[in-house]
file protein_21.cif (mmCIF, C-alpha atoms)
data_entry
#
loop_
_atom_site.label_atom_id
_atom_site.label_comp_id
_atom_site.auth_asym_id
_atom_site.auth_seq_id
_atom_site.Cartn_x
_atom_site.Cartn_y
_atom_site.Cartn_z
CA MET A 1 117.56 134.77 114.82
CA ALA A 2 115.28 134.80 111.80
CA PRO A 3 113.43 138.09 111.18
CA LYS A 4 109.85 138.15 112.40
CA ILE A 5 107.02 138.07 109.91
CA LYS A 6 105.85 141.67 109.65
CA LYS A 7 102.25 142.79 109.34
CA ASP A 8 101.17 143.25 105.72
CA SER A 9 104.14 141.27 104.40
CA VAL A 10 103.56 138.64 101.75
CA VAL A 11 104.02 135.11 103.10
CA VAL A 12 104.66 132.14 100.83
CA ALA A 13 104.05 128.90 102.72
CA VAL A 14 106.16 126.16 101.15
CA GLY A 15 105.55 122.53 102.03
CA THR A 16 108.44 120.22 101.19
CA ARG A 17 109.34 116.58 101.52
CA LYS A 18 111.24 117.47 104.71
CA GLY A 19 109.25 120.18 106.42
CA GLY A 20 107.57 123.52 105.82
CA PHE A 21 109.12 126.93 105.27
CA LEU A 22 107.70 130.45 105.26
CA PHE A 23 109.22 132.89 102.77
CA HIS A 24 108.18 136.39 103.75
CA SER A 25 108.83 139.85 102.44
CA SER A 26 107.54 143.39 102.85
CA ASP A 27 108.47 144.44 99.32
CA ARG A 28 108.64 141.11 97.46
CA ARG A 29 112.23 141.95 96.54
CA LYS A 30 114.13 140.83 99.62
CA TRP A 31 112.88 137.61 101.17
CA SER A 32 113.47 136.08 104.59
CA VAL A 33 112.89 132.45 105.44
CA ALA A 34 111.41 130.98 108.61
CA GLY A 35 111.48 127.27 109.34
CA PRO A 36 111.69 124.41 108.89
CA PHE A 37 108.41 123.71 110.65
CA MET A 38 107.19 120.12 111.03
CA ALA A 39 110.84 119.36 110.27
CA GLY A 40 111.50 116.08 108.56
CA GLN A 41 107.85 115.52 107.64
CA SER A 42 106.35 115.47 104.18
CA VAL A 43 104.26 118.63 104.31
CA TYR A 44 101.70 118.05 101.60
CA HIS A 45 100.06 121.41 102.07
CA MET A 46 100.44 124.47 104.26
CA ILE A 47 98.37 127.65 104.25
CA LEU A 48 98.23 130.98 105.99
CA ASP A 49 94.56 131.40 106.85
CA PRO A 50 93.46 134.30 104.63
CA ARG A 51 90.73 135.24 107.12
CA ASP A 52 93.08 136.33 109.88
CA GLY A 53 96.49 136.39 108.19
CA ARG A 54 98.04 134.79 111.28
CA THR A 55 97.01 131.17 111.63
CA LEU A 56 99.05 128.56 109.85
CA TYR A 57 97.55 125.18 108.95
CA GLY A 58 99.63 122.26 107.76
CA ALA A 59 98.93 118.77 106.41
CA ALA A 60 101.64 116.31 107.41
CA PRO A 61 102.16 113.07 109.30
CA HIS A 62 101.91 113.23 113.07
CA LEU A 63 105.43 114.03 114.27
CA ALA A 64 106.91 111.17 112.27
CA GLU A 65 105.75 109.11 109.32
CA PRO A 66 104.45 105.94 111.02
CA TRP A 67 102.05 107.58 113.41
CA GLY A 68 99.35 108.49 110.93
CA PRO A 69 98.06 111.74 109.45
CA ALA A 70 97.55 115.06 111.17
CA VAL A 71 96.42 118.58 110.57
CA TYR A 72 98.72 121.09 112.26
CA ARG A 73 97.76 124.51 113.54
CA GLY A 74 99.79 127.36 114.93
CA ARG A 75 100.61 131.01 114.67
CA ALA A 76 102.64 131.83 111.57
CA GLY A 77 106.32 131.90 112.46
CA GLU A 78 105.94 129.54 115.42
CA GLU A 79 106.06 125.76 115.42
CA PRO A 80 102.55 124.46 114.65
CA LYS A 81 101.19 121.51 116.62
CA PRO A 82 98.87 118.67 115.62
CA THR A 83 95.24 119.50 116.32
CA ALA A 84 93.37 117.40 118.89
CA ALA A 85 92.35 114.79 116.31
CA PRO A 86 92.88 114.03 112.63
CA PRO A 87 89.98 113.58 110.20
CA LYS A 88 88.54 110.08 110.52
CA PHE A 89 85.99 108.01 108.62
CA LYS A 90 82.92 106.88 110.53
CA GLU A 91 83.10 103.67 112.50
CA GLY A 92 82.23 100.58 110.52
CA SER A 93 83.17 102.07 107.16
CA ASP A 94 86.38 100.00 107.02
CA LEU A 95 88.05 103.08 105.56
CA ALA A 96 90.95 104.83 107.21
CA VAL A 97 92.58 108.16 106.42
CA SER A 98 96.18 107.61 105.42
CA ARG A 99 97.17 111.15 104.44
CA VAL A 100 95.88 114.70 104.46
CA TRP A 101 96.50 116.29 101.06
CA HIS A 102 94.89 119.69 101.31
CA VAL A 103 93.63 122.14 103.90
CA GLU A 104 91.22 124.88 102.83
CA ALA A 105 89.93 127.83 104.80
CA GLY A 106 86.16 127.92 105.14
CA PRO A 107 83.90 130.91 104.51
CA GLU A 108 85.17 134.41 105.18
CA LYS A 109 82.72 135.04 108.01
CA ASP A 110 83.07 131.61 109.61
CA VAL A 111 86.65 131.73 110.84
CA GLU A 112 86.48 128.51 112.84
CA THR A 113 85.61 126.40 109.78
CA ILE A 114 88.25 124.62 107.73
CA TYR A 115 88.08 121.77 105.24
CA ALA A 116 90.49 118.88 104.68
CA GLY A 117 90.88 116.73 101.59
CA VAL A 118 92.37 113.32 102.31
CA GLU A 119 93.51 109.98 100.93
CA PRO A 120 91.64 107.72 100.37
CA ALA A 121 89.53 110.39 98.75
CA ALA A 122 87.20 112.12 101.15
CA LEU A 123 86.19 115.54 102.39
CA PHE A 124 86.05 116.53 106.04
CA ARG A 125 84.89 119.75 107.66
CA SER A 126 85.92 121.10 111.02
CA ARG A 127 83.98 123.84 112.76
CA ASP A 128 86.58 124.29 115.52
CA ARG A 129 89.78 124.94 113.54
CA GLY A 130 90.71 121.29 113.21
CA ASP A 131 90.10 119.74 116.62
CA THR A 132 87.03 117.74 115.59
CA TRP A 133 85.91 116.74 112.10
CA GLU A 134 82.69 116.07 110.28
CA ASP A 135 82.69 113.23 107.78
CA ILE A 136 80.92 114.57 104.66
CA GLU A 137 79.06 111.33 104.20
CA TRP A 138 77.05 112.00 101.04
CA LEU A 139 80.30 112.46 99.15
CA ASN A 140 82.58 110.15 101.12
CA TYR A 141 80.26 107.14 100.79
CA HIS A 142 78.99 107.97 97.32
CA PRO A 143 77.37 104.96 95.59
CA THR A 144 80.15 104.92 92.97
CA ARG A 145 82.91 104.83 95.57
CA LYS A 146 83.48 101.08 95.30
CA ASP A 147 84.60 101.61 91.71
CA TRP A 148 86.85 104.63 92.31
CA GLN A 149 90.40 103.96 91.14
CA PRO A 150 93.46 105.87 92.33
CA GLY A 151 95.51 108.08 90.05
CA GLY A 152 99.30 107.92 90.05
CA GLY A 153 99.47 109.98 93.23
CA GLY A 154 96.86 107.90 95.01
CA LEU A 155 93.11 108.18 95.47
CA CYS A 156 93.18 111.68 96.89
CA LEU A 157 90.80 114.59 97.28
CA HIS A 158 93.10 117.52 96.59
CA SER A 159 91.01 120.49 95.45
CA ILE A 160 88.43 122.23 97.61
CA LEU A 161 86.73 125.40 96.42
CA VAL A 162 84.47 127.35 98.76
CA ASP A 163 82.40 129.92 96.86
CA PRO A 164 83.15 133.38 98.27
CA ARG A 165 79.62 134.49 97.28
CA ASN A 166 77.83 131.56 98.88
CA PRO A 167 79.54 129.35 101.49
CA LYS A 168 77.08 126.53 100.82
CA HIS A 169 78.48 126.19 97.32
CA LEU A 170 81.43 123.78 97.29
CA VAL A 171 83.40 122.13 94.50
CA VAL A 172 85.97 119.39 95.04
CA GLY A 173 88.34 117.46 92.81
CA ILE A 174 89.36 113.82 93.21
CA SER A 175 92.04 111.95 91.24
CA ALA A 176 91.01 109.90 89.23
CA VAL A 177 87.31 110.30 89.84
CA GLY A 178 86.49 113.84 88.82
CA ALA A 179 84.86 117.04 90.06
CA PHE A 180 81.85 117.12 92.38
CA GLU A 181 79.72 120.15 93.18
CA SER A 182 77.41 120.84 96.11
CA LYS A 183 75.10 123.80 96.61
CA ASP A 184 73.86 122.79 100.05
CA SER A 185 77.01 122.68 102.20
CA GLY A 186 77.83 119.12 101.19
CA ARG A 187 74.50 117.41 101.79
CA SER A 188 74.13 116.53 98.13
CA TRP A 189 76.60 116.48 95.26
CA SER A 190 76.53 116.32 91.48
CA MET A 191 79.30 115.04 89.26
CA GLU A 192 80.56 117.86 87.08
CA ASN A 193 82.71 116.31 84.39
CA ARG A 194 80.85 116.95 81.16
CA GLY A 195 83.23 117.91 78.39
CA VAL A 196 86.29 116.64 80.25
CA ARG A 197 88.34 113.96 78.50
CA ALA A 198 89.54 110.74 80.12
CA GLU A 199 92.13 109.74 77.54
CA PHE A 200 93.00 106.60 79.51
CA LEU A 201 89.45 105.10 79.44
CA PRO A 202 87.66 103.35 76.58
CA ASN A 203 84.86 105.93 76.83
CA LYS A 204 86.71 109.24 76.55
CA TYR A 205 83.84 111.27 78.01
CA PRO A 206 82.37 109.25 80.89
CA GLU A 207 80.13 110.64 83.62
CA TRP A 208 83.02 110.25 86.04
CA GLY A 209 86.53 108.76 86.14
CA GLN A 210 88.32 111.84 84.81
CA CYS A 211 91.64 112.60 86.43
CA VAL A 212 91.25 116.15 87.66
CA HIS A 213 94.59 117.51 88.85
CA LYS A 214 93.58 120.93 90.18
CA LEU A 215 90.61 123.31 90.26
CA ALA A 216 90.55 127.09 90.70
CA TRP A 217 87.80 129.72 90.77
CA ASP A 218 87.90 132.25 88.00
CA ALA A 219 88.03 135.77 89.48
CA SER A 220 84.82 136.65 87.66
CA ARG A 221 83.04 135.67 90.91
CA ASP A 222 80.19 134.20 88.96
CA GLY A 223 81.03 130.56 89.59
CA SER A 224 83.32 130.17 86.58
CA MET A 225 86.23 127.79 87.10
CA PHE A 226 89.48 126.61 85.63
CA GLN A 227 90.66 123.01 85.69
CA GLN A 228 93.99 121.36 84.96
CA ASN A 229 93.43 117.72 84.19
CA HIS A 230 95.53 114.69 83.34
CA SER A 231 93.97 115.07 79.90
CA GLY A 232 93.83 118.74 79.09
CA THR A 233 93.12 122.18 80.51
CA TYR A 234 89.53 123.41 80.88
CA HIS A 235 87.30 126.36 81.70
CA ARG A 236 83.69 126.21 82.82
CA GLY A 237 81.35 129.16 82.58
CA PRO A 238 79.08 130.70 85.19
CA GLU A 239 76.03 128.62 84.40
CA GLY A 240 77.83 125.36 85.09
CA GLY A 241 77.21 122.59 82.63
CA SER A 242 79.88 121.43 80.28
CA TRP A 243 83.56 122.28 80.58
CA THR A 244 85.29 123.76 77.54
CA GLU A 245 88.68 122.31 76.72
CA VAL A 246 91.23 125.10 76.31
CA THR A 247 94.39 123.05 75.82
CA LYS A 248 95.03 124.48 72.35
CA GLY A 249 98.03 126.77 72.49
CA LEU A 250 99.70 124.89 75.35
CA PRO A 251 102.68 122.58 74.70
CA SER A 252 100.91 119.53 76.16
CA ASP A 253 97.64 118.44 77.67
CA PHE A 254 99.36 117.39 80.92
CA GLY A 255 100.29 119.34 84.01
CA PHE A 256 99.37 119.51 87.66
CA PRO A 257 98.64 122.95 89.12
CA ILE A 258 96.47 125.77 87.88
CA ALA A 259 96.15 129.12 89.64
CA ALA A 260 93.70 131.86 88.75
CA HIS A 261 94.18 135.57 89.17
CA PRO A 262 92.15 136.56 92.24
CA HIS A 263 91.06 139.95 90.86
CA ARG A 264 91.32 139.82 87.06
CA LYS A 265 88.69 137.61 85.47
CA ASN A 266 89.46 135.05 82.75
CA THR A 267 93.12 135.04 83.84
CA ALA A 268 95.06 131.98 84.95
CA PHE A 269 98.50 130.39 85.02
CA VAL A 270 99.61 126.81 84.28
CA THR A 271 102.91 124.93 84.13
CA PRO A 272 102.52 122.14 81.54
CA LEU A 273 104.81 119.10 81.64
CA VAL A 274 105.83 116.87 78.74
CA GLY A 275 103.20 114.26 79.60
CA ALA A 276 102.11 111.51 81.95
CA GLY A 277 105.09 109.39 80.92
CA ASN A 278 107.67 112.15 81.39
CA ARG A 279 106.74 114.62 84.10
CA VAL A 280 109.28 117.35 83.40
CA VAL A 281 109.00 120.72 81.70
CA PRO A 282 109.07 120.55 77.87
CA LYS A 283 112.38 120.99 76.07
CA GLY A 284 114.27 121.50 79.33
CA GLN A 285 112.94 125.05 79.63
CA MET A 286 110.82 125.98 82.61
CA ALA A 287 107.90 128.17 81.60
CA VAL A 288 104.72 129.56 83.05
CA TRP A 289 101.84 129.89 80.61
CA LYS A 290 99.31 132.65 81.09
CA THR A 291 95.87 133.28 79.69
CA THR A 292 93.83 136.45 80.01
CA ASN A 293 90.82 135.19 78.03
CA SER A 294 89.74 132.00 79.81
CA GLY A 295 92.17 129.86 77.87
CA LYS A 296 91.25 130.91 74.33
CA THR A 297 94.91 131.81 73.93
CA TRP A 298 97.99 131.18 76.06
CA ARG A 299 101.30 132.98 76.29
CA ARG A 300 104.58 131.30 77.25
CA ILE A 301 106.68 133.20 79.78
CA THR A 302 110.28 132.18 80.47
CA LYS A 303 111.96 135.40 81.59
CA GLY A 304 114.00 134.54 84.69
CA LEU A 305 113.11 130.85 84.61
CA PRO A 306 115.78 128.17 84.14
CA GLY A 307 116.63 126.46 80.88
CA PRO A 308 117.78 125.01 78.63
CA ASN A 309 118.69 121.73 80.30
CA ALA A 310 116.32 122.28 83.22
CA TYR A 311 114.44 119.00 83.51
CA LEU A 312 112.39 119.71 86.56
CA GLY A 313 108.79 119.08 87.56
CA ILE A 314 106.04 121.02 89.30
CA LEU A 315 103.62 119.15 91.55
CA ARG A 316 99.89 119.63 92.09
CA GLU A 317 100.13 122.30 94.78
CA GLY A 318 103.26 123.88 93.33
CA LEU A 319 101.72 127.12 91.98
CA SER A 320 100.08 129.96 93.88
CA VAL A 321 99.22 133.65 93.70
CA ASP A 322 99.12 136.34 96.34
CA GLY A 323 96.44 139.05 96.45
CA GLU A 324 98.70 142.02 95.73
CA ASP A 325 98.55 144.53 92.91
CA PRO A 326 100.45 143.86 90.72
CA LEU A 327 99.89 140.19 91.35
CA GLY A 328 102.63 137.98 92.80
CA VAL A 329 102.88 134.45 91.39
CA TYR A 330 104.95 131.66 92.94
CA VAL A 331 106.13 128.29 91.62
CA GLY A 332 107.92 125.55 93.56
CA THR A 333 109.75 122.72 91.82
CA SER A 334 110.27 119.07 92.55
CA THR A 335 113.99 119.86 92.67
CA GLY A 336 113.66 122.40 95.47
CA GLN A 337 113.66 125.80 93.78
CA LEU A 338 111.11 128.50 94.55
CA PHE A 339 110.46 131.13 91.88
CA ALA A 340 108.58 134.39 92.39
CA SER A 341 107.09 136.95 90.05
CA ARG A 342 105.88 140.33 91.31
CA ASP A 343 104.61 141.53 87.93
CA GLU A 344 101.66 139.26 87.21
CA GLY A 345 103.86 136.39 86.04
CA GLU A 346 105.69 138.36 83.36
CA SER A 347 109.18 137.90 84.84
CA TRP A 348 110.64 135.64 87.47
CA LYS A 349 113.35 135.42 90.06
CA MET A 350 114.53 132.42 92.06
CA ILE A 351 114.02 133.22 95.75
CA GLY A 352 114.76 129.77 97.18
CA ASP A 353 117.12 126.99 96.17
CA LEU A 354 118.43 123.71 97.57
CA LEU A 355 115.18 123.09 99.42
CA PRO A 356 113.86 119.56 99.69
CA PRO A 357 111.45 118.66 96.86
CA ILE A 358 108.58 121.16 97.01
CA LEU A 359 105.14 119.63 97.49
CA SER A 360 103.08 122.78 97.94
CA VAL A 361 103.18 126.56 97.62
CA SER A 362 100.51 128.85 99.03
CA ALA A 363 100.80 132.62 99.16
CA GLY A 364 99.00 135.04 101.44
CA THR A 365 99.36 138.24 103.42
CA ALA A 366 100.27 138.49 107.08
CA ARG A 367 98.06 140.58 109.32
CA MET B 1 101.25 95.70 132.72
CA LEU B 2 104.04 98.05 131.76
CA VAL B 3 103.79 99.87 128.43
CA ARG B 4 106.81 101.70 127.04
CA ILE B 5 105.87 104.88 125.18
CA PRO B 6 108.03 106.00 122.23
CA PRO B 7 109.34 109.58 122.18
CA ALA B 8 106.97 110.63 119.37
CA LEU B 9 103.93 109.79 121.50
CA ARG B 10 105.06 111.27 124.80
CA SER B 11 103.30 114.52 124.02
CA TYR B 12 100.15 112.55 124.86
CA THR B 13 101.49 111.14 128.14
CA GLY B 14 102.82 114.38 129.49
CA GLY B 15 106.36 113.23 128.81
CA GLU B 16 106.06 109.87 130.59
CA ASP B 17 108.09 107.16 128.87
CA GLU B 18 106.23 104.29 130.49
CA VAL B 19 102.75 103.70 131.77
CA VAL B 20 101.40 100.99 134.06
CA LEU B 21 97.98 99.62 133.10
CA ASP B 22 95.69 97.01 134.62
CA VAL B 23 94.73 95.07 131.49
CA THR B 24 95.04 91.53 130.11
CA ASP B 25 95.31 91.91 126.35
CA LEU B 26 96.60 94.30 123.68
CA PRO B 27 93.24 95.79 122.71
CA GLY B 28 92.79 96.49 126.40
CA ILE B 29 96.04 98.43 126.39
CA LEU B 30 94.85 100.59 123.51
CA ARG B 31 91.53 101.25 125.25
CA ALA B 32 93.20 102.08 128.54
CA LEU B 33 95.78 104.33 126.88
CA GLU B 34 93.05 106.18 125.02
CA ALA B 35 91.03 106.63 128.19
CA SER B 36 93.98 108.23 129.95
CA PHE B 37 95.58 109.99 127.00
CA PRO B 38 92.92 110.88 124.40
CA GLY B 39 94.15 110.69 120.83
CA ILE B 40 97.02 108.28 121.41
CA ARG B 41 95.13 105.26 120.04
CA ASP B 42 94.83 106.94 116.63
CA ARG B 43 98.60 106.93 116.36
CA VAL B 44 98.94 103.17 116.78
CA VAL B 45 95.91 101.95 114.85
CA ASP B 46 93.72 103.65 112.25
CA GLU B 47 89.98 104.23 112.62
CA ALA B 48 89.27 100.83 111.06
CA GLY B 49 91.32 99.22 113.86
CA ARG B 50 94.26 98.22 111.66
CA ARG B 51 97.75 98.70 113.02
CA ARG B 52 99.44 101.51 111.11
CA PRO B 53 102.13 100.43 108.67
CA TYR B 54 105.58 100.77 110.21
CA VAL B 55 104.26 100.80 113.76
CA ASN B 56 105.45 97.74 115.65
CA VAL B 57 104.19 96.30 118.91
CA PHE B 58 106.47 94.00 120.89
CA VAL B 59 105.52 91.91 123.91
CA ASN B 60 108.76 91.66 125.81
CA GLU B 61 111.17 91.02 122.93
CA ASP B 62 108.71 89.33 120.58
CA LEU B 63 107.26 91.25 117.64
CA VAL B 64 103.50 90.83 117.42
CA ARG B 65 102.89 89.69 113.85
CA GLU B 66 99.24 88.71 114.19
CA GLU B 67 96.18 90.88 114.76
CA LEU B 68 96.53 92.84 117.98
CA SER B 69 93.11 91.58 119.06
CA SER B 70 94.35 87.99 119.21
CA VAL B 71 97.19 88.58 121.65
CA ALA B 72 96.75 87.84 125.35
CA LEU B 73 99.19 89.10 127.95
CA LYS B 74 100.66 87.57 131.10
CA PRO B 75 101.36 89.38 134.35
CA GLY B 76 104.81 90.93 134.15
CA ASP B 77 104.85 91.33 130.37
CA ILE B 78 106.29 94.55 129.04
CA VAL B 79 104.70 96.02 125.90
CA HIS B 80 106.74 98.23 123.62
CA ILE B 81 105.21 100.45 120.93
CA LEU B 82 107.92 101.40 118.45
CA PRO B 83 108.31 102.74 114.93
CA SER B 84 109.83 100.13 112.64
CA VAL B 85 113.29 100.81 111.31
CA ALA B 86 111.75 101.40 107.83
CA GLY B 87 115.21 101.90 106.42
CA GLY B 88 117.67 100.09 104.27
#
call {"tool": "encode", "arguments": {"input": "protein_21.cif", "output": "structure tokens"}}
result
Amino acid sequence: MAPKIKKDSVVVAVGTRKGGFLFHSSDRRKWSVAGPFMAGQSVYHMILDPRDGRTLYGAAPHLAEPWGPAVYRGRAGEEPKPTAAPPKFKEGSDLAVSRVWHVEAGPEKDVETIYAGVEPAALFRSRDRGDTWEDIEWLNYHPTRKDWQPGGGGLCLHSILVDPRNPKHLVVGISAVGAFESKDSGRSWSMENRGVRAEFLPNKYPEWGQCVHKLAWDASRDGSMFQQNHSGTYHRGPEGGSWTEVTKGLPSDFGFPIAAHPHRKNTAFVTPLVGAGNRVVPKGQMAVWKTTNSGKTWRRITKGLPGPNAYLGILREGLSVDGEDPLGVYVGTSTGQLFASRDEGESWKMIGDLLPPILSVSAGTAR
Amino acid sequence: MLVRIPPALRSYTGGEDEVVLDVTDLPGILRALEASFPGIRDRVVDEAGRRRPYVNVFVNEDLVREELSSVALKPGDIVHILPSVAGG
């Protein structure tokens, strides 16, 4: 029988092409594994709700692929079940949710609220932990929607940021449409793509159409953000406005995930790939790149990571951090390895191997 | 009308593998199933009313290839809802 998940242990929720797994550890040295949960399903995302440290949410098809999308809910360590209903577009829209890409916990003090990002790109909010859903219409039926084009992974809404200072402040990312920001709980939205390149469009700096790959709050808690894009890596300051490209110092302008340090401002991690045409780590050496100055400079870290001759990829949700001190950082690969660092990303150890391709990694603490 | 329920959807029907319904067409079956087992309709068709890819509906042994809304049923027909083989 698998060991139970102990209170205060670090839990790394790993969504794979064939189910979800929970890696858990009290000391981040010796890890136990629970699962698979949602066995056989493509688990696009799975999180331990940071507000209670007990509830697990998953994004996967309903029991088997043909039966449509679902959000799962359960107690961490037990088999989660589909909630009463999946997110759905309003009647008459002629749109239909085909996949849930991302589940995000709502505000700290509003423990019943969760968000879901779906394909085709849309944002839904549930105020009852996933049993019923609110269609965020101002965004989901935006006047530009008819011209939205999917990125390589589909037309998906994959990044949802809820401002810890102000729950009405939301930022979302859609491939290949861009970032949207709301300061009134989703009733109105602005496109926030100034300064972000769209290398694949005739106009390299359009109002929208940029292929955002992932967004993360900077720990400064002043609204600053990091962005990994199809065309570069970016930081945006507290006053909003234009993004600053901070790709210089990285081996390429292409990668999927970005994770920010939750306590140390200006600090983030990325895992660049060769490029859009070859989505593997450069030179066959896996590396995590770290900045401590909002991307002005980057440092390549390879200690404990595989290479040379390691031609693996890291997907959009494949990088996460826990909240511990020193910080734990986790990377899952498209070839089924899970790497962990318990020293702020400075050195790494493989804690999982021979898993199905890893679609998502999300770290938290059990309570 | 007898409707055979696939294993993946029996969580909705309390484990029942078949359901008898008093209806005359396929949309009627979906409405009646939903009325008795809320949520089950979403698994067969999406919110725009389109049959989900890789979900097949058979009337007796005949695969329904047209829109579900255009199919009438006769007394004694058996409707099967099944995942397609989707393999190779």
call {"tool": "interface_residues", "arguments": {"input": "protein_21.cif", "of": "chain B", "to": "chain A", "cutoff": "8 Å", "atoms": "only C-alpha atoms", "output": "ChimeraX atom specification"}}
result
/B:8,39,42-44,46-48,52-55,83
call {"tool": "atom_distance", "arguments": {"input": "protein_21.cif", "atom1": "atom CA of Asp343 of chain A", "atom2": "atom CA of Pro326 of chain A"}}
result
5.5 Å
call {"tool": "axis_aligned_box", "arguments": {"input": "protein_21.cif", "around": "segment 44-52 of chain B", "padding_each_side": "4 Å", "output": "lines of an AutoDock Vina configuration file"}}
result
center_x = 94.4
center_y = 101.2
center_z = 113.9
size_x = 18.2
size_y = 14.0
size_z = 13.7
call {"tool": "resolve_selection", "arguments": {"input": "protein_21.cif", "expression": "the PyMOL selection byres ((chain A and resi 30-38) around 8)", "output": "number ranges by chain"}}
result
A: 2-3, 18-29, 39-41, 43, 60, 63, 77-80, 351
call {"tool": "resolve_selection", "arguments": {"input": "protein_21.cif", "expression": "the PyMOL selection byres ((chain A and resi 189) around 10)", "output": "list in words"}}
result
Trp138, Leu139, His142, Leu170, Val171, Val172, Ala179, Phe180, Glu181, Ser182, Lys183, Asp184, Ser185, Gly186, Arg187, Ser188, Ser190, Met191 and Glu192 of chain A
call {"tool": "write_last_selection", "arguments": {"input": "protein_21.cif", "atoms": "C-alpha atoms", "output": "mmCIF file, in the coordinates of the input"}}
result
data_model
loop_
_atom_site.group_PDB
_atom_site.id
_atom_site.type_symbol
_atom_site.label_atom_id
_atom_site.label_comp_id
_atom_site.auth_asym_id
_atom_site.auth_seq_id
_atom_site.Cartn_x
_atom_site.Cartn_y
_atom_site.Cartn_z
ATOM 1 C CA TRP A 138 77.050 112.000 101.040
ATOM 2 C CA LEU A 139 80.300 112.460 99.150
ATOM 3 C CA HIS A 142 78.990 107.970 97.320
ATOM 4 C CA LEU A 170 81.430 123.780 97.290
ATOM 5 C CA VAL A 171 83.400 122.130 94.500
ATOM 6 C CA VAL A 172 85.970 119.390 95.040
ATOM 7 C CA ALA A 179 84.860 117.040 90.060
ATOM 8 C CA PHE A 180 81.850 117.120 92.380
ATOM 9 C CA GLU A 181 79.720 120.150 93.180
ATOM 10 C CA SER A 182 77.410 120.840 96.110
ATOM 11 C CA LYS A 183 75.100 123.800 96.610
ATOM 12 C CA ASP A 184 73.860 122.790 100.050
ATOM 13 C CA SER A 185 77.010 122.680 102.200
ATOM 14 C CA GLY A 186 77.830 119.120 101.190
ATOM 15 C CA ARG A 187 74.500 117.410 101.790
ATOM 16 C CA SER A 188 74.130 116.530 98.130
ATOM 17 C CA SER A 190 76.530 116.320 91.480
ATOM 18 C CA MET A 191 79.300 115.040 89.260
ATOM 19 C CA GLU A 192 80.560 117.860 87.080
#
call {"tool": "closest_residue", "arguments": {"input": "protein_21.cif", "among": "B:Val59, B:Val45, B:Val79, B:Val23", "to": "Arg4 of chain B", "atoms": "all atoms listed in the file"}}
result
B:Val79
call {"tool": "residues_around", "arguments": {"input": "protein_21.cif", "residues": "segment 245-253 of chain A", "least_positions_apart": "4", "cutoff": "10 Å", "atoms": "only C-alpha atoms", "output": "PDB file with C-alpha atoms, keeping the file's coordinate frame"}}
result
ATOM      1  CA  GLY A 195      83.230 117.910  78.390  1.00  0.00           C
ATOM      2  CA  VAL A 196      86.290 116.640  80.250  1.00  0.00           C
ATOM      3  CA  ARG A 197      88.340 113.960  78.500  1.00  0.00           C
ATOM      4  CA  PHE A 226      89.480 126.610  85.630  1.00  0.00           C
ATOM      5  CA  GLN A 227      90.660 123.010  85.690  1.00  0.00           C
ATOM      6  CA  GLN A 228      93.990 121.360  84.960  1.00  0.00           C
ATOM      7  CA  ASN A 229      93.430 117.720  84.190  1.00  0.00           C
ATOM      8  CA  HIS A 230      95.530 114.690  83.340  1.00  0.00           C
ATOM      9  CA  SER A 231      93.970 115.070  79.900  1.00  0.00           C
ATOM     10  CA  GLY A 232      93.830 118.740  79.090  1.00  0.00           C
ATOM     11  CA  THR A 233      93.120 122.180  80.510  1.00  0.00           C
ATOM     12  CA  TYR A 234      89.530 123.410  80.880  1.00  0.00           C
ATOM     13  CA  HIS A 235      87.300 126.360  81.700  1.00  0.00           C
ATOM     14  CA  ARG A 236      83.690 126.210  82.820  1.00  0.00           C
ATOM     15  CA  VAL A 270      99.610 126.810  84.280  1.00  0.00           C
ATOM     16  CA  THR A 271     102.910 124.930  84.130  1.00  0.00           C
ATOM     17  CA  PRO A 272     102.520 122.140  81.540  1.00  0.00           C
ATOM     18  CA  LEU A 273     104.810 119.100  81.640  1.00  0.00           C
ATOM     19  CA  VAL A 274     105.830 116.870  78.740  1.00  0.00           C
ATOM     20  CA  GLY A 275     103.200 114.260  79.600  1.00  0.00           C
ATOM     21  CA  ALA A 276     102.110 111.510  81.950  1.00  0.00           C
ATOM     22  CA  VAL A 281     109.000 120.720  81.700  1.00  0.00           C
ATOM     23  CA  PRO A 282     109.070 120.550  77.870  1.00  0.00           C
ATOM     24  CA  LYS A 283     112.380 120.990  76.070  1.00  0.00           C
ATOM     25  CA  TRP A 289     101.840 129.890  80.610  1.00  0.00           C
ATOM     26  CA  LYS A 290      99.310 132.650  81.090  1.00  0.00           C
ATOM     27  CA  THR A 291      95.870 133.280  79.690  1.00  0.00           C
ATOM     28  CA  SER A 294      89.740 132.000  79.810  1.00  0.00           C
ATOM     29  CA  GLY A 295      92.170 129.860  77.870  1.00  0.00           C
ATOM     30  CA  LYS A 296      91.250 130.910  74.330  1.00  0.00           C
ATOM     31  CA  THR A 297      94.910 131.810  73.930  1.00  0.00           C
ATOM     32  CA  TRP A 298      97.990 131.180  76.060  1.00  0.00           C
ATOM     33  CA  ARG A 299     101.300 132.980  76.290  1.00  0.00           C
ATOM     34  CA  ARG A 300     104.580 131.300  77.250  1.00  0.00           C
TER      35      ARG A 300
END
call {"tool": "resolve_selection", "arguments": {"input": "protein_21.cif", "expression": "the PyMOL selection byres ((chain B and resi 70) around 12)", "output": "list in words"}}
result
Thr24, Asp25, Leu26, Pro27, Gly28, Val64, Arg65, Glu66, Glu67, Leu68, Ser69, Val71, Ala72 and Leu73 of chain B
